[in-house]
$ cat coords-v4.cif   # mmCIF, C-alpha atoms and all ligand atoms
data_final
loop_
_atom_site.label_atom_id
_atom_site.label_comp_id
_atom_site.auth_asym_id
_atom_site.auth_seq_id
_atom_site.Cartn_x
_atom_site.Cartn_y
_atom_site.Cartn_z
CA MET U 730 102.27 44.85 -38.43
CA LEU U 731 99.18 44.57 -36.23
CA LYS U 732 96.65 41.79 -36.58
CA LEU U 733 93.40 41.13 -34.75
CA GLU U 734 91.95 37.68 -35.32
CA ASN U 735 88.44 36.75 -34.16
CA VAL U 736 88.52 39.07 -31.18
CA ASN U 737 85.54 38.93 -28.82
CA LEU U 738 85.25 41.44 -26.00
CA PHE U 739 82.58 41.60 -23.31
CA TYR U 740 81.69 44.08 -20.58
CA GLY U 741 79.95 41.69 -18.18
CA GLU U 742 77.02 40.31 -20.15
CA ILE U 743 77.34 42.87 -22.94
CA GLN U 744 79.32 41.78 -25.99
CA ALA U 745 81.03 44.83 -27.52
CA LEU U 746 83.19 43.10 -30.18
CA TRP U 747 82.09 40.07 -32.22
CA ASN U 748 84.72 37.94 -33.97
CA LEU U 749 86.57 41.05 -35.05
CA SER U 750 89.47 40.57 -37.45
CA LEU U 751 91.48 43.39 -38.96
CA GLU U 752 95.00 44.23 -40.01
CA VAL U 753 97.16 47.34 -39.97
CA LYS U 754 100.03 47.29 -42.43
CA GLU U 755 103.34 48.94 -41.63
CA GLY U 756 103.80 52.46 -42.99
CA GLN U 757 100.12 53.12 -43.67
CA ILE U 758 97.49 55.44 -42.26
CA VAL U 759 94.52 53.19 -41.51
CA ALA U 760 91.09 54.47 -40.47
CA LEU U 761 88.84 52.71 -37.99
CA LEU U 762 85.40 54.17 -38.50
CA GLY U 763 81.93 53.79 -37.08
CA ALA U 764 79.09 55.61 -35.38
CA ASN U 765 78.68 56.09 -31.62
CA ALA U 766 78.91 52.81 -29.70
CA ALA U 767 80.05 50.85 -32.77
CA GLY U 768 83.00 49.45 -30.81
CA LYS U 769 85.89 51.67 -31.93
CA SER U 770 87.15 52.47 -28.42
CA SER U 771 86.71 48.84 -27.36
CA THR U 772 88.87 47.79 -30.30
CA ILE U 773 91.74 50.13 -29.57
CA ASN U 774 91.52 49.53 -25.84
CA ALA U 775 91.86 45.81 -26.55
CA ILE U 776 94.95 46.59 -28.66
CA SER U 777 96.46 48.81 -25.94
CA GLY U 778 95.66 46.29 -23.21
CA LEU U 779 93.31 48.64 -21.35
CA GLU U 780 90.54 46.08 -21.89
CA LYS U 781 91.18 42.35 -22.20
CA ALA U 782 89.64 40.45 -25.09
CA GLN U 783 87.99 37.28 -23.77
CA SER U 784 88.97 35.36 -26.89
CA GLY U 785 90.86 35.81 -30.14
CA ARG U 786 94.43 36.80 -30.93
CA ILE U 787 96.13 40.18 -31.22
CA THR U 788 99.65 40.14 -32.64
CA PHE U 789 102.14 42.95 -33.22
CA PHE U 790 105.05 42.07 -35.53
CA GLY U 791 104.03 38.44 -34.98
CA LYS U 792 104.19 38.60 -31.16
CA GLU U 793 101.01 37.89 -29.19
CA ILE U 794 100.18 40.95 -27.11
CA GLN U 795 96.64 40.33 -25.90
CA LYS U 796 97.80 39.10 -22.48
CA LEU U 797 100.35 41.87 -21.91
CA ASP U 798 99.72 44.79 -19.57
CA PRO U 799 99.31 48.27 -21.05
CA HIS U 800 102.82 49.41 -19.96
CA GLU U 801 104.33 46.35 -21.67
CA ILE U 802 102.39 47.13 -24.86
CA VAL U 803 103.77 50.69 -24.70
CA GLU U 804 107.27 49.21 -24.56
CA GLU U 805 106.43 47.23 -27.73
CA GLY U 806 105.80 50.60 -29.44
CA ILE U 807 102.01 50.89 -29.52
CA ILE U 808 101.00 54.31 -28.28
CA GLN U 809 97.46 55.61 -27.88
CA VAL U 810 96.44 59.28 -28.00
CA PRO U 811 93.25 59.11 -25.94
CA GLU U 812 89.85 60.51 -26.78
CA GLY U 813 89.40 63.91 -25.13
CA ARG U 814 93.19 64.42 -25.04
CA LYS U 815 93.54 63.74 -21.27
CA LEU U 816 96.30 66.27 -20.73
CA PHE U 817 97.46 67.37 -17.30
CA ASN U 818 95.85 70.82 -17.35
CA TYR U 819 97.94 72.30 -14.53
CA MET U 820 101.22 71.22 -16.00
CA SER U 821 103.03 73.09 -18.77
CA ILE U 822 103.00 72.03 -22.40
CA GLU U 823 106.62 70.91 -22.11
CA GLU U 824 105.96 68.91 -18.94
CA ASN U 825 103.06 67.14 -20.68
CA LEU U 826 105.35 66.30 -23.59
CA GLU U 827 108.05 65.10 -21.21
CA LEU U 828 105.59 62.66 -19.62
CA GLY U 829 105.12 61.06 -23.03
CA ALA U 830 108.79 60.04 -22.93
CA TYR U 831 108.44 58.20 -19.61
CA SER U 832 108.90 54.70 -21.00
CA LYS U 833 112.34 53.06 -21.25
CA ARG U 834 112.27 52.96 -25.03
CA ALA U 835 111.43 56.68 -25.27
CA LYS U 836 113.74 58.25 -22.65
CA LYS U 837 116.89 57.86 -24.75
CA ASP U 838 115.40 59.82 -27.67
CA TYR U 839 113.84 62.58 -25.56
CA LYS U 840 115.75 65.50 -27.08
CA LYS U 841 115.45 64.32 -30.68
CA ASN U 842 111.72 63.70 -30.35
CA LEU U 843 111.06 67.01 -28.58
CA ARG U 844 112.76 68.81 -31.48
CA MET U 845 110.63 66.84 -33.95
CA VAL U 846 107.39 67.71 -32.10
CA TYR U 847 108.29 71.40 -31.91
CA ASP U 848 109.16 71.47 -35.61
CA LEU U 849 105.83 69.86 -36.42
CA PHE U 850 103.80 72.15 -34.12
CA PRO U 851 105.81 75.40 -33.59
CA ILE U 852 103.03 76.88 -31.42
CA LEU U 853 103.86 74.28 -28.75
CA GLU U 854 107.43 75.56 -28.51
CA GLU U 855 106.24 79.19 -28.38
CA ARG U 856 103.91 78.33 -25.51
CA LYS U 857 105.93 75.59 -23.85
CA LYS U 858 105.81 77.16 -20.37
CA GLN U 859 102.05 77.74 -20.50
CA PHE U 860 99.60 75.46 -18.67
CA ALA U 861 98.11 72.91 -21.07
CA GLY U 862 94.63 73.78 -19.73
CA GLU U 863 95.02 77.36 -20.98
CA MET U 864 95.55 76.32 -24.60
CA SER U 865 92.80 76.19 -27.23
CA GLY U 866 91.22 72.85 -28.12
CA GLY U 867 93.28 72.53 -31.30
CA GLN U 868 96.53 73.33 -29.51
CA GLN U 869 95.66 70.81 -26.80
CA GLN U 870 95.14 68.17 -29.49
CA MET U 871 98.56 69.08 -30.94
CA CYS U 872 100.02 68.61 -27.46
CA ALA U 873 98.29 65.23 -27.07
CA ILE U 874 99.61 64.05 -30.43
CA GLY U 875 103.03 65.46 -29.52
CA ARG U 876 102.98 63.55 -26.22
CA GLY U 877 102.21 60.40 -28.21
CA LEU U 878 105.14 61.06 -30.53
CA MET U 879 107.45 61.60 -27.54
CA ALA U 880 106.81 57.94 -26.64
CA ASN U 881 108.70 56.81 -29.76
CA PRO U 882 105.78 54.90 -31.30
CA LYS U 883 105.95 52.27 -34.02
CA LEU U 884 102.15 52.45 -34.19
CA LEU U 885 100.34 55.62 -33.13
CA ILE U 886 96.64 55.18 -32.39
CA ILE U 887 94.65 58.40 -32.34
CA ASP U 888 91.16 58.27 -30.82
CA GLU U 889 88.65 60.86 -32.11
CA LEU U 890 91.11 63.48 -33.26
CA SER U 891 88.35 65.75 -34.59
CA LEU U 892 86.14 65.70 -31.49
CA GLY U 893 84.97 69.23 -30.64
CA LEU U 894 87.32 70.94 -33.10
CA ALA U 895 86.49 73.36 -35.92
CA PRO U 896 86.79 71.78 -39.41
CA ILE U 897 89.71 74.03 -40.36
CA LEU U 898 91.69 72.85 -37.33
CA VAL U 899 90.87 69.25 -38.12
CA GLN U 900 92.25 69.81 -41.63
CA LYS U 901 95.46 71.22 -40.15
CA LEU U 902 95.89 68.30 -37.77
CA LEU U 903 95.20 65.72 -40.48
CA LYS U 904 97.83 67.41 -42.65
CA ALA U 905 100.28 67.09 -39.77
CA LEU U 906 99.45 63.36 -39.53
CA VAL U 907 100.24 62.96 -43.23
CA GLU U 908 103.62 64.62 -42.58
CA ILE U 909 104.30 62.32 -39.61
CA ASN U 910 103.31 59.30 -41.70
CA LYS U 911 105.82 60.30 -44.39
CA THR U 912 108.59 59.74 -41.83
CA GLY U 913 107.50 56.07 -41.79
CA LEU U 914 105.24 56.06 -38.73
CA THR U 915 102.14 53.85 -38.95
CA ILE U 916 98.92 55.51 -37.78
CA LEU U 917 95.58 54.03 -36.78
CA LEU U 918 93.05 56.83 -36.91
CA VAL U 919 89.82 56.21 -35.01
CA GLU U 920 87.10 58.55 -36.15
CA GLN U 921 83.43 59.35 -36.55
CA ASN U 922 84.45 61.88 -39.20
CA VAL U 923 84.31 59.47 -42.15
CA GLN U 924 85.00 61.66 -45.17
CA GLN U 925 88.10 63.45 -43.93
CA SER U 926 89.58 60.29 -42.45
CA LEU U 927 89.13 58.32 -45.66
CA ALA U 928 90.76 61.16 -47.60
CA ILE U 929 94.11 60.65 -45.84
CA SER U 930 93.94 56.89 -45.22
CA LYS U 931 95.19 54.03 -47.33
CA GLU U 932 92.85 51.41 -45.88
CA ALA U 933 89.80 51.56 -43.66
CA PHE U 934 87.66 49.34 -41.44
CA VAL U 935 84.07 50.25 -40.64
CA LEU U 936 82.46 48.87 -37.48
CA GLU U 937 78.75 48.51 -36.85
CA ASN U 938 77.40 47.08 -33.57
CA GLY U 939 80.78 45.61 -32.68
CA ARG U 940 81.16 43.80 -36.00
CA LEU U 941 83.19 44.54 -39.08
CA ALA U 942 80.71 45.93 -41.62
CA LEU U 943 83.07 47.07 -44.40
CA SER U 944 86.78 47.13 -45.11
CA GLY U 945 89.16 47.83 -47.94
CA GLU U 946 91.07 50.56 -49.72
CA ALA U 947 89.92 53.96 -48.51
CA SER U 948 89.73 55.38 -52.05
CA LYS U 949 87.26 52.63 -53.00
CA LEU U 950 85.25 52.64 -49.78
CA ILE U 951 84.42 56.30 -50.20
CA ASN U 952 82.22 55.30 -53.17
CA GLU U 953 80.56 52.38 -51.35
CA PRO U 954 76.76 52.95 -51.46
CA HIS U 955 76.14 51.67 -47.90
CA LEU U 956 78.89 53.88 -46.48
CA LYS U 957 77.65 56.91 -48.40
CA LYS U 958 74.11 56.39 -47.16
CA ALA U 959 74.90 55.53 -43.55
CA TYR U 960 77.73 57.97 -42.83
CA LEU U 961 77.78 60.69 -45.43
CA GLY U 962 74.02 61.28 -45.82
CA MET U 963 74.22 60.87 -49.60
P1 LIG U 1001 82.09 56.24 -29.05
O1 LIG U 1001 82.46 56.92 -30.29
O2 LIG U 1001 80.78 56.69 -28.48
O3 LIG U 1001 83.17 56.14 -28.02
P2 LIG U 1001 82.72 53.53 -29.82
O4 LIG U 1001 82.54 53.15 -31.25
O5 LIG U 1001 84.08 53.86 -29.36
O6 LIG U 1001 81.74 54.71 -29.49
P3 LIG U 1001 82.64 51.69 -27.63
O7 LIG U 1001 82.92 52.77 -26.63
O8 LIG U 1001 83.70 50.72 -27.92
O9 LIG U 1001 82.11 52.32 -28.99
O10 LIG U 1001 81.33 50.92 -27.14
C1 LIG U 1001 80.86 49.71 -27.73
C2 LIG U 1001 79.73 49.16 -26.87
O11 LIG U 1001 80.22 48.73 -25.62
C3 LIG U 1001 78.61 50.17 -26.57
O12 LIG U 1001 77.38 49.51 -26.61
C4 LIG U 1001 78.95 50.63 -25.18
O13 LIG U 1001 77.78 51.04 -24.49
C5 LIG U 1001 79.56 49.39 -24.55
N1 LIG U 1001 80.56 49.73 -23.53
C6 LIG U 1001 81.69 50.42 -23.73
N2 LIG U 1001 82.41 50.52 -22.59
C7 LIG U 1001 81.69 49.86 -21.64
C8 LIG U 1001 81.86 49.59 -20.25
N3 LIG U 1001 82.95 50.01 -19.60
N4 LIG U 1001 80.89 48.90 -19.62
C9 LIG U 1001 79.79 48.45 -20.26
N5 LIG U 1001 79.56 48.67 -21.58
C10 LIG U 1001 80.48 49.35 -22.26
#

$ encode --input "coords-v4.cif" --output "structure tokens"
Amino acid sequence: MLKLENVNLFYGEIQALWNLSLEVKEGQIVALLGANAAGKSSTINAISGLEKAQSGRITFFGKEIQKLDPHEIVEEGIIQVPEGRKLFNYMSIEENLELGAYSKRAKKDYKKNLRMVYDLFPILEERKKQFAGEMSGGQQQMCAIGRGLMANPKLLIIDELSLGLAPILVQKLLKALVEINKTGLTILLVEQNVQQSLAISKEAFVLENGRLALSGEASKLINEPHLKKAYLGM
């Protein structure tokens, strides 16, 4: 579905991604893992068009997307839920969700998708008139994921879902992602939280210093000695 081939990305003189190649298969949950500054955000920003890769190819269903603008990539069906949620705090939950359906491809399914989001996260419907900024961190993350779903994604990229949230809430959100994935939606989960991400993913890619360090089936990677030592303290 999504393929990165030999992607190199620089910020001025600093090279953040080195010949990065990876693949996300349709229908899967795929984890992109790595410590701080490993290059996870650079990778997904290159996919979303927020940063431009200086060389390499990024294709989505066979179409080259690395030269497209972010809004064009959204129209292709790649939707990013940003790190830190980036909600509009002084707008209601429902208004935030509505903004997710701004693109042409999403507007027509607004009602259907809103129903789906409310069924997935009933608390959002109960509090739909409340300012997003008044919600708890977990509820805000639900709203951010919901806003992503309102955009009618083919591929939903979620950046640092677990950031700042209690483990029990993270569990709840990951369970919701598994439910969403069962409807056929492909998910790229970008995380520092290695163990929980691997538990729900089919495949995983581990970045270190902007390079691919490990990749493969999540159920096998979890027993990889290097991964255990570097990320799980075992
Ligand atoms: P984090 O979890 O901290 O966000 P990350 O794995 O997402 O880390 P990136 O944010 O992609 O990593 O950063 C990769 C490298 O690129 C780091 O060395 C970082 O300092 C550098 N970098 C990222 N954004 C910029 C920028 N706008 N200008 C200069 N350097 C940058």

$ residues_near_ligand --input "coords-v4.cif" --ligand "ligand LIG 1001 (chain U)" --cutoff "10 Å" --atoms "all atoms listed in the file" --output "CSV table (one decimal) with C-alpha atoms, in the frame of the given file"
chain,number,residue,atom,x,y,z
U,738,LEU,CA,85.2,41.4,-26.0
U,739,PHE,CA,82.6,41.6,-23.3
U,740,TYR,CA,81.7,44.1,-20.6
U,741,GLY,CA,80.0,41.7,-18.2
U,742,GLU,CA,77.0,40.3,-20.2
U,743,ILE,CA,77.3,42.9,-22.9
U,744,GLN,CA,79.3,41.8,-26.0
U,745,ALA,CA,81.0,44.8,-27.5
U,746,LEU,CA,83.2,43.1,-30.2
U,761,LEU,CA,88.8,52.7,-38.0
U,762,LEU,CA,85.4,54.2,-38.5
U,763,GLY,CA,81.9,53.8,-37.1
U,764,ALA,CA,79.1,55.6,-35.4
U,765,ASN,CA,78.7,56.1,-31.6
U,766,ALA,CA,78.9,52.8,-29.7
U,767,ALA,CA,80.0,50.8,-32.8
U,768,GLY,CA,83.0,49.4,-30.8
U,769,LYS,CA,85.9,51.7,-31.9
U,770,SER,CA,87.2,52.5,-28.4
U,771,SER,CA,86.7,48.8,-27.4
U,772,THR,CA,88.9,47.8,-30.3
U,773,ILE,CA,91.7,50.1,-29.6
U,774,ASN,CA,91.5,49.5,-25.8
U,775,ALA,CA,91.9,45.8,-26.6
U,780,GLU,CA,90.5,46.1,-21.9
U,812,GLU,CA,89.8,60.5,-26.8
U,888,ASP,CA,91.2,58.3,-30.8
U,889,GLU,CA,88.6,60.9,-32.1
U,892,LEU,CA,86.1,65.7,-31.5
U,919,VAL,CA,89.8,56.2,-35.0
U,920,GLU,CA,87.1,58.6,-36.2
U,921,GLN,CA,83.4,59.4,-36.6
U,935,VAL,CA,84.1,50.2,-40.6
U,936,LEU,CA,82.5,48.9,-37.5
U,937,GLU,CA,78.8,48.5,-36.8
U,938,ASN,CA,77.4,47.1,-33.6
U,939,GLY,CA,80.8,45.6,-32.7

$ closest_residue --input "coords-v4.cif" --among "U:Ala928, U:Leu749, U:Leu956, U:Leu914" --to "Arg786 of chain U" --atoms "all atoms listed in the file"
U:Leu749

$ closest_residue --input "coords-v4.cif" --among "U:Met730, U:Ile787, U:Met871, U:Leu890" --to "Ile822 of chain U" --atoms "all atoms listed in the file"
U:Met871

$ residues_near_point --input "coords-v4.cif" --point "(101.2, 45.8, -41.7)" --cutoff "6 Å" --atoms "all atoms listed in the file" --output "ChimeraX atom specification"
/U:730-731,753-755

$ atom_distance --input "coords-v4.cif" --atom1 "atom CA of Asn825 of chain U" --atom2 "atom CA of Pro896 of chain U"
25.2 Å

$ closest_atom_pairs --input "coords-v4.cif" --of "segment 859-936 of chain U" --to "segment 793-804 of chain U" --cutoff "12 Å" --atoms "all atoms listed in the file" --output "CSV"
residue,atom,partner,partner_atom,distance
U:Gly877,CA,U:Val803,CA,10.4
U:Leu878,CA,U:Val803,CA,12.0
U:Met879,CA,U:Val803,CA,11.9
U:Ala880,CA,U:Val803,CA,8.1
U:Asn881,CA,U:Glu804,CA,9.3
U:Pro882,CA,U:Val803,CA,8.1
U:Lys883,CA,U:Val803,CA,9.7
U:Leu884,CA,U:Val803,CA,9.8
U:Leu885,CA,U:Val803,CA,10.4
U:Ile886,CA,U:Val803,CA,11.4

$ closest_residue --input "coords-v4.cif" --among "U:Met845, U:Ile916, U:Met820, U:Val899" --to "Ile887 of chain U" --atoms "all atoms listed in the file"
U:Ile916

$ closest_residue --input "coords-v4.cif" --among "U:Ala905, U:Tyr960, U:Gly945, U:Tyr839" --to "Asn922 of chain U" --atoms "only C-alpha atoms"
U:Tyr960

$ residues_around --input "coords-v4.cif" --residues "Lys949 of chain U" --least-positions-apart "6" --cutoff "12 Å" --atoms "only C-alpha atoms" --output "list in words"
Leu927, Ala928, Ser930, Lys931, Glu932, Ala933, Leu943, Leu956 and Lys957 of chain U

$ write_last_selection --input "coords-v4.cif" --atoms "C-alpha atoms" --output "mmCIF file, keeping the file's coordinate frame"
data_model
loop_
_atom_site.group_PDB
_atom_site.id
_atom_site.type_symbol
_atom_site.label_atom_id
_atom_site.label_comp_id
_atom_site.auth_asym_id
_atom_site.auth_seq_id
_atom_site.Cartn_x
_atom_site.Cartn_y
_atom_site.Cartn_z
ATOM 1 C CA LEU U 927 89.130 58.320 -45.660
ATOM 2 C CA ALA U 928 90.760 61.160 -47.600
ATOM 3 C CA SER U 930 93.940 56.890 -45.220
ATOM 4 C CA LYS U 931 95.190 54.030 -47.330
ATOM 5 C CA GLU U 932 92.850 51.410 -45.880
ATOM 6 C CA ALA U 933 89.800 51.560 -43.660
ATOM 7 C CA LEU U 943 83.070 47.070 -44.400
ATOM 8 C CA LEU U 956 78.890 53.880 -46.480
ATOM 9 C CA LYS U 957 77.650 56.910 -48.400
#

$ atom_distance --input "coords-v4.cif" --atom1 "atom CA of Arg856 of chain U" --atom2 "atom CA of Lys901 of chain U"
18.3 Å

$ atom_distance --input "coords-v4.cif" --atom1 "atom CA of Ile808 of chain U" --atom2 "atom CA of Cys872 of chain U"
14.4 Å

$ residues_near_point --input "coords-v4.cif" --point "(85.2, 34.9, -35.5)" --cutoff "9 Å" --atoms "only C-alpha atoms" --output "mmCIF file with C-alpha atoms, keeping the file's coordinate frame"
data_model
loop_
_atom_site.group_PDB
_atom_site.id
_atom_site.type_symbol
_atom_site.label_atom_id
_atom_site.label_comp_id
_atom_site.auth_asym_id
_atom_site.auth_seq_id
_atom_site.Cartn_x
_atom_site.Cartn_y
_atom_site.Cartn_z
ATOM 1 C CA GLU U 734 91.950 37.680 -35.320
ATOM 2 C CA ASN U 735 88.440 36.750 -34.160
ATOM 3 C CA VAL U 736 88.520 39.070 -31.180
ATOM 4 C CA ASN U 737 85.540 38.930 -28.820
ATOM 5 C CA TRP U 747 82.090 40.070 -32.220
ATOM 6 C CA ASN U 748 84.720 37.940 -33.970
ATOM 7 C CA LEU U 749 86.570 41.050 -35.050
ATOM 8 C CA SER U 750 89.470 40.570 -37.450
ATOM 9 C CA GLY U 785 90.860 35.810 -30.140
#

$ closest_residue --input "coords-v4.cif" --among "U:Leu906, U:Gln868, U:Arg940, U:Asn952" --to "Ile758 of chain U" --atoms "only C-alpha atoms"
U:Leu906
